[in-house]
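K.L.:
My structure is below; once you've seen it, I'll send some questions.
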Amino acid sequence: MARLTGTRPVAARRWGCATAAFLLLLLTVQAAQKADLSGDATAATINHSLTLLQRLQELLQNGNGSDSVLRVRTAASDEAKVFHTHQLLLSLQSEVFESLLRNQSVITLHEPPETAALFEKFIKYLYCGGVSILLHQAIPMHQLASKYRVWGLQRGVADYMKTHLASESSQGHVVAWYHYAVRIGDSALQESCLQFLAWNLSAVLGSAEWGSVSVELLLLLLERSDLVLHSELELYTAVEGWLNRRQPEGPVAERVLRAIRYPMIAPSQLFRLQAQSAVLVRHYSAVQDLLFQAFQFHAASPLHFAKYFDVNCSMFLPRNYLAPSWGSQWVINNPARDDRSTSFQTQLGPSSHDAGKRVTWNVLFSPRWLPVSLRPVYSDSVSGAVQPVRIEDGRPRLVITPAMSSPDFAGVSFQKTVLVGVRQQGRVLVKHAYSFHQSSDEAADFLAHADLQKRTSEYLIDNSLHLHIIIKPVYHSLIKVKK
């Protein structure tokens with residue numbers, strides 16, 4: 001809210017008109033220079049834009065020729081920060097300031113402490129078109145840009161937030177940015193934060209920001225099958241800590257506990273939780289049916305269990321577990337050099353009936369695989385020359401196949417997920433995840449946009465490709481038996 005507290009001095013108005021005339025003349029001269037230089041081989045551009053920006057910054061600092069005054073107040077202080085400004089420069093950047101300064105020269109603005117602390121930075125941006133911010137300043141700066149409709153700064157701060165999700169901070173920031181994105185309706189930022197949290201959940205579970213996760217965000221995360229974490233037990237332990245800290249109402253706690261995938265937890269661990277988890281004891285009646293079903297799942301053969309229960313639901317679908325029984329890490333040094341292969345073993349399925357059975361997997365990585373349409377063929381010419389093929393025509397390829405077949409595979413399909421670890425802001429995190437269709441041995445878009453030839457590629461860490469391959473056994477109902 002702004003109010004009139006004075007009138008505009010005549011001399012200042014004249015200086016403001018002079019400033020407008022000067023800027024208009026500058027733009028006219030620049031346009032004329034462009035026209036004069038076109039088509040002339042001896043043309044050269046003399047650029048003193050940095051000097052101009054410096055002069056504009058000095059104009060703000062010294063208040064020379066100011067024709068408007070901004071007084072910024074906060075509810076927590078009786079003192080106001082005073083900025084001697086120039087109407088033209090503020091109006092060029094903000095339609096809100098253009099409206100406020102149309103009939104008055106001194107306005108009072110009321111800001112909360114967090115945005116008032118950044119108001120000087122904000123005004124400098126309006127003069128110079130640039131600003132430096134830190135992680136904790138992103139939300140208040142975005143609020144200022146939105147309030148005064150400075151669209152370029154608003155987009156710039158949103159882009160900053162999307163590219164600094166991986167930055168390390170003492171209290172964390174991604175959860176707060178997600179909640180802010182929800183409040184302002186920024187779906188792109190919201191999805192970026194949600195994906196980052198899902199793919200790097202283990203790092204978030206052990207951080208200070210886990211306790212600030214809202215009920216809505218927690219339930220959204222628990223619904224996802226692409227969560228990357230060590231095990232479902234790790235997730236339950238983190239959820240138990242969240243419930244103990246937040247103490248939500250009974251129905252909320254029960255919704256949260258029913259989103260845990262208990263069949264993915266071994267029976268011995270489930271027995272321990274029943275005996276030692278105060279949260280589970282307190283809400284046992286709400287999840288008793290799920291625990292009983294989980295014990296049945298582990299006790300019977302999957303084929304027999306699937307005759308009576310619907311296993312084609314999220315409760316029986318593994319998430320992206322990093323435990324060794326679900327997959328393997330693979331670090332490929334100098335990945336652009338040549339083809340590589342490896343093998344590893346996983347458990348046949350999450351059921352205790354299958355946990356002791358092992359499946360061996362063979363993996364082939366090719367940095368420059370060529371599709372049939374690009375492979376060299378002999379021409380019809382007399383020389384029979386082979387069509388030239390460029391190295392860059394190839395693309396990285398990863399093929400994952402079982403090294404064996406077994407009757408135990410009946411009723412089981414294997415979903416594969418490949419995580420690519422990248423170094424961002426000094427930390428190794430998951431930024432790329434590729435999922436294979438159940439009927440396929442490879443992902444069509446695997447590293448489709450990666451340039452493995454460059455040592456500076458974002459897909460490489462110290463010139464190595466860091467992969468984690470996850471095998472997710474999925475049971476399917478074959479024959480239904482009426483209950």
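Order determines the names: the first chain of the structure tokens is A, the second B, and so forth; residues in each chain are numbered 1 upward, and ligands are numbered 1 upward as they are shown.
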Which parts of segment 16-210 of chain A does DSSP call strand (DSSP E or B) when run on the backbone here, written out as a list of chain:residue names?
P.N.:
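The strand (DSSP E or B) residues within segment 16-210 of chain A come out as A:Ser68, A:Val69, A:Leu70, A:Arg71, A:Val72, A:Arg73, A:Lys81, A:Val82, A:Phe83, A:His84, A:Thr85, A:Val106, A:Ile107, A:Thr108, A:Leu109, A:His110.
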K.L.:
Go ahead and write the selection's residues with all heavy atoms as a short mmCIF file (atom, residue, chain, number, x, y, z; two decimals), in the first residue's frame.
P.N.:
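Listing of selection08.cif after writing:
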```
data_model
loop_
_atom_site.label_atom_id
_atom_site.label_comp_id
_atom_site.auth_asym_id
_atom_site.auth_seq_id
_atom_site.Cartn_x
_atom_site.Cartn_y
_atom_site.Cartn_z
N SER A 68 11.77 11.25 -7.29
CA SER A 68 10.81 10.45 -6.53
C SER A 68 11.51 9.86 -5.32
O SER A 68 12.72 9.62 -5.34
CB SER A 68 10.18 9.34 -7.39
OG SER A 68 11.19 8.54 -7.98
N VAL A 69 10.76 9.61 -4.28
CA VAL A 69 11.30 9.07 -3.04
C VAL A 69 10.46 7.87 -2.61
O VAL A 69 9.23 7.95 -2.58
CB VAL A 69 11.30 10.13 -1.92
CG1 VAL A 69 11.80 9.51 -0.60
CG2 VAL A 69 12.16 11.32 -2.29
N LEU A 70 11.14 6.75 -2.29
CA LEU A 70 10.48 5.57 -1.76
C LEU A 70 10.84 5.43 -0.29
O LEU A 70 12.02 5.45 0.08
CB LEU A 70 10.93 4.30 -2.51
CG LEU A 70 10.77 4.29 -4.04
CD1 LEU A 70 11.21 2.93 -4.58
CD2 LEU A 70 9.36 4.60 -4.45
N ARG A 71 9.83 5.30 0.55
CA ARG A 71 10.02 5.08 1.98
C ARG A 71 9.50 3.67 2.30
O ARG A 71 8.31 3.42 2.17
CB ARG A 71 9.29 6.14 2.79
CG ARG A 71 9.78 7.56 2.51
CD ARG A 71 8.86 8.59 3.16
NE ARG A 71 8.81 8.43 4.61
CZ ARG A 71 9.71 8.97 5.45
NH1 ARG A 71 10.70 9.70 4.97
NH2 ARG A 71 9.59 8.78 6.75
N VAL A 72 10.40 2.79 2.71
CA VAL A 72 10.05 1.39 2.95
C VAL A 72 9.95 1.15 4.46
O VAL A 72 10.93 1.31 5.19
CB VAL A 72 11.08 0.44 2.32
CG1 VAL A 72 10.69 -1.02 2.57
CG2 VAL A 72 11.20 0.70 0.83
N ARG A 73 8.78 0.76 4.91
CA ARG A 73 8.54 0.52 6.33
C ARG A 73 8.21 -0.96 6.58
O ARG A 73 7.68 -1.64 5.72
CB ARG A 73 7.37 1.38 6.83
CG ARG A 73 7.69 2.87 6.94
CD ARG A 73 6.53 3.61 7.61
NE ARG A 73 6.83 5.01 7.83
CZ ARG A 73 7.52 5.48 8.87
NH1 ARG A 73 7.97 4.64 9.78
NH2 ARG A 73 7.75 6.78 8.99
N LYS A 81 13.35 2.95 5.58
CA LYS A 81 14.48 3.07 4.66
C LYS A 81 14.06 4.01 3.53
O LYS A 81 12.98 3.82 2.95
CB LYS A 81 14.86 1.70 4.09
CG LYS A 81 15.50 0.77 5.10
CD LYS A 81 15.93 -0.53 4.41
CE LYS A 81 16.61 -1.47 5.38
NZ LYS A 81 17.05 -2.73 4.70
N VAL A 82 14.90 4.97 3.23
CA VAL A 82 14.56 5.98 2.23
C VAL A 82 15.45 5.80 1.00
O VAL A 82 16.67 5.67 1.11
CB VAL A 82 14.74 7.40 2.81
CG1 VAL A 82 14.41 8.45 1.74
CG2 VAL A 82 13.86 7.58 4.04
N PHE A 83 14.81 5.77 -0.18
CA PHE A 83 15.52 5.63 -1.45
C PHE A 83 15.14 6.81 -2.34
O PHE A 83 13.95 7.00 -2.64
CB PHE A 83 15.16 4.31 -2.14
CG PHE A 83 15.51 3.09 -1.33
CD1 PHE A 83 14.58 2.54 -0.45
CD2 PHE A 83 16.75 2.49 -1.46
CE1 PHE A 83 14.89 1.41 0.29
CE2 PHE A 83 17.07 1.36 -0.71
CZ PHE A 83 16.14 0.82 0.16
N HIS A 84 16.15 7.59 -2.75
CA HIS A 84 15.93 8.68 -3.70
C HIS A 84 16.09 8.10 -5.10
O HIS A 84 17.19 7.70 -5.50
CB HIS A 84 16.92 9.82 -3.44
CG HIS A 84 16.73 10.47 -2.11
ND1 HIS A 84 15.81 11.48 -1.90
CD2 HIS A 84 17.31 10.23 -0.89
CE1 HIS A 84 15.84 11.86 -0.63
NE2 HIS A 84 16.75 11.11 0.00
N THR A 85 15.00 8.06 -5.85
CA THR A 85 14.98 7.34 -7.12
C THR A 85 14.55 8.24 -8.26
O THR A 85 14.31 9.43 -8.07
CB THR A 85 14.03 6.13 -7.02
OG1 THR A 85 12.71 6.61 -6.68
CG2 THR A 85 14.49 5.16 -5.95
N VAL A 106 6.41 11.04 -3.62
CA VAL A 106 6.90 10.39 -2.40
C VAL A 106 5.86 9.34 -2.00
O VAL A 106 4.71 9.66 -1.75
CB VAL A 106 7.09 11.41 -1.25
CG1 VAL A 106 7.61 10.69 -0.01
CG2 VAL A 106 8.04 12.51 -1.67
N ILE A 107 6.28 8.08 -1.94
CA ILE A 107 5.35 7.01 -1.59
C ILE A 107 5.94 6.18 -0.46
O ILE A 107 7.16 6.05 -0.32
CB ILE A 107 5.02 6.10 -2.79
CG1 ILE A 107 6.28 5.47 -3.37
CG2 ILE A 107 4.28 6.87 -3.85
CD1 ILE A 107 6.02 4.50 -4.49
N THR A 108 5.07 5.66 0.37
CA THR A 108 5.48 4.80 1.47
C THR A 108 5.03 3.37 1.16
O THR A 108 3.85 3.13 0.86
CB THR A 108 4.85 5.26 2.80
OG1 THR A 108 5.31 6.58 3.07
CG2 THR A 108 5.27 4.33 3.94
N LEU A 109 5.96 2.44 1.23
CA LEU A 109 5.70 1.04 0.93
C LEU A 109 5.85 0.23 2.21
O LEU A 109 6.81 0.44 2.97
CB LEU A 109 6.67 0.53 -0.14
CG LEU A 109 6.71 1.33 -1.45
CD1 LEU A 109 7.87 0.86 -2.31
CD2 LEU A 109 5.40 1.19 -2.20
N HIS A 110 4.93 -0.66 2.45
CA HIS A 110 4.96 -1.50 3.64
C HIS A 110 5.36 -2.92 3.24
O HIS A 110 4.69 -3.56 2.44
CB HIS A 110 3.60 -1.49 4.34
CG HIS A 110 3.21 -0.13 4.83
ND1 HIS A 110 3.59 0.35 6.06
CD2 HIS A 110 2.49 0.87 4.24
CE1 HIS A 110 3.11 1.57 6.22
NE2 HIS A 110 2.43 1.91 5.13
#
```
K.L.:
Taking 6 positions as the minimum chain separation for residues in the same chain, which residues sit within 7 Å of segment 364-368 of chain A when counting only C-alpha atoms? Answer as number ranges by chain.
P.N.:
A: 335-336, 338-342, 391, 394-400
K.L.:
Find, counting only C-alpha atoms, the residue in A:Ile265, A:Val96, A:Ala294, A:Val131 that gets nearest to Ser146 of chain A.
P.N.:
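Distance minimum relative to Ser146 of chain A lands on A:Val96.
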K.L.:
Give me, please, the distance in Å between atom CA of Glu79 of chain A and atom CA of Gln137 of chain A, quoted to one decimal.
P.N.:
22.3 Å
K.L.:
Give the answer as one residue: which of A:Leu257, A:Cys128, A:Leu273, A:Ile46 has the shortest atom-to-atom distance to Ala286 of chain A, using only C-alpha atoms?
P.N.:
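The closest residue to Ala286 of chain A is A:Leu257.
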K.L.:
Report as JSON lines: every residue of segment 396-469 of chain A with an atom at most 8 Å from segment 165-181 of chain A, its closest pair of atoms, and their distance in Å to one decimal, counting only C-alpha atoms, with rows sorted by chain and ascending residue number.
P.N.:
```
{"residue": "A:Gln424", "atom": "CA", "partner": "A:Ala166", "partner_atom": "CA", "distance": 5.9}
{"residue": "A:Gln425", "atom": "CA", "partner": "A:Ser167", "partner_atom": "CA", "distance": 5.2}
{"residue": "A:Gly426", "atom": "CA", "partner": "A:Ser167", "partner_atom": "CA", "distance": 7.8}
{"residue": "A:Arg427", "atom": "CA", "partner": "A:Ala166", "partner_atom": "CA", "distance": 7.3}
{"residue": "A:Leu429", "atom": "CA", "partner": "A:Ala166", "partner_atom": "CA", "distance": 7.5}
```
K.L.:
Find the residue from A:Arg261, A:Lys472, A:His164, A:Lys121 that sits nearest to Leu235 of chain A; use only C-alpha atoms when measuring.
P.N.:
A:Arg261
K.L.:
May I have all residues of segment 15-243 of chain A that DSSP, computed from the backbone, assigns to helix (DSSP H, G or I), given as JSON, numbers by chain?
P.N.:
{"A": [15, 16, 17, 18, 19, 20, 21, 22, 23, 24, 25, 26, 27, 28, 29, 30, 31, 32, 33, 34, 35, 36, 37, 49, 50, 51, 52, 53, 54, 55, 56, 57, 58, 59, 60, 61, 62, 87, 88, 89, 90, 91, 92, 93, 95, 96, 97, 98, 99, 100, 113, 114, 115, 116, 119, 120, 121, 122, 123, 124, 125, 126, 127, 128, 135, 136, 137, 138, 139, 140, 141, 142, 143, 144, 145, 146, 147, 151, 152, 153, 154, 155, 156, 157, 158, 159, 160, 161, 162, 163, 174, 175, 176, 177, 178, 179, 180, 181, 182, 183, 184, 187, 188, 189, 190, 191, 192, 193, 194, 195, 196, 197, 198, 199, 201, 202, 203, 204, 205, 208, 209, 210, 211, 212, 215, 216, 217, 218, 219, 220, 221, 222, 223, 232, 233, 234, 235, 236, 237, 238, 239, 240, 241, 242, 243]}
K.L.:
Fewer than 4 positions away in the same chain doesn't count, so skip those; otherwise give me all residues within 9 Å of segment 459-469 of chain A, counting only C-alpha atoms, as a ChimeraX atom specification.
P.N.:
/A:322,326-335,416-423,428,431-432,447,450-452,454-455
K.L.:
Which polymer residues have any atom within 12 Å of an atom of Arg282 of chain A, counting only C-alpha atoms, with same-chain residues fewer than 3 positions away left out, as a count of residues only?
P.N.:
19
K.L.:
What's the separation between atom CA of Ala76 of chain A and atom CA of Pro113 of chain A, in Å to one decimal place?
P.N.:
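That distance, rounded to one decimal, is 7.3 Å.
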K.L.:
Given only C-alpha atoms as the basis, pick out the residue of A:Met315, A:His304, A:Glu209, A:Ala355 nearest to Pro267 of chain A.
P.N.:
A:Ala355
K.L.:
Pick from A:Leu118, A:Val239, A:Leu197, A:Leu126: nearest to Leu53 of chain A, with only C-alpha atoms counted?
P.N.:
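Answer, going by the shortest atom-to-atom distance: A:Leu126.
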K.L.:
Which distance in Å separates atom CA of Met404 of chain A and atom CA of Lys307 of chain A, to one decimal?
P.N.:
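For atom CA of Met404 of chain A relative to atom CA of Lys307 of chain A, the distance reads 26.2 Å.
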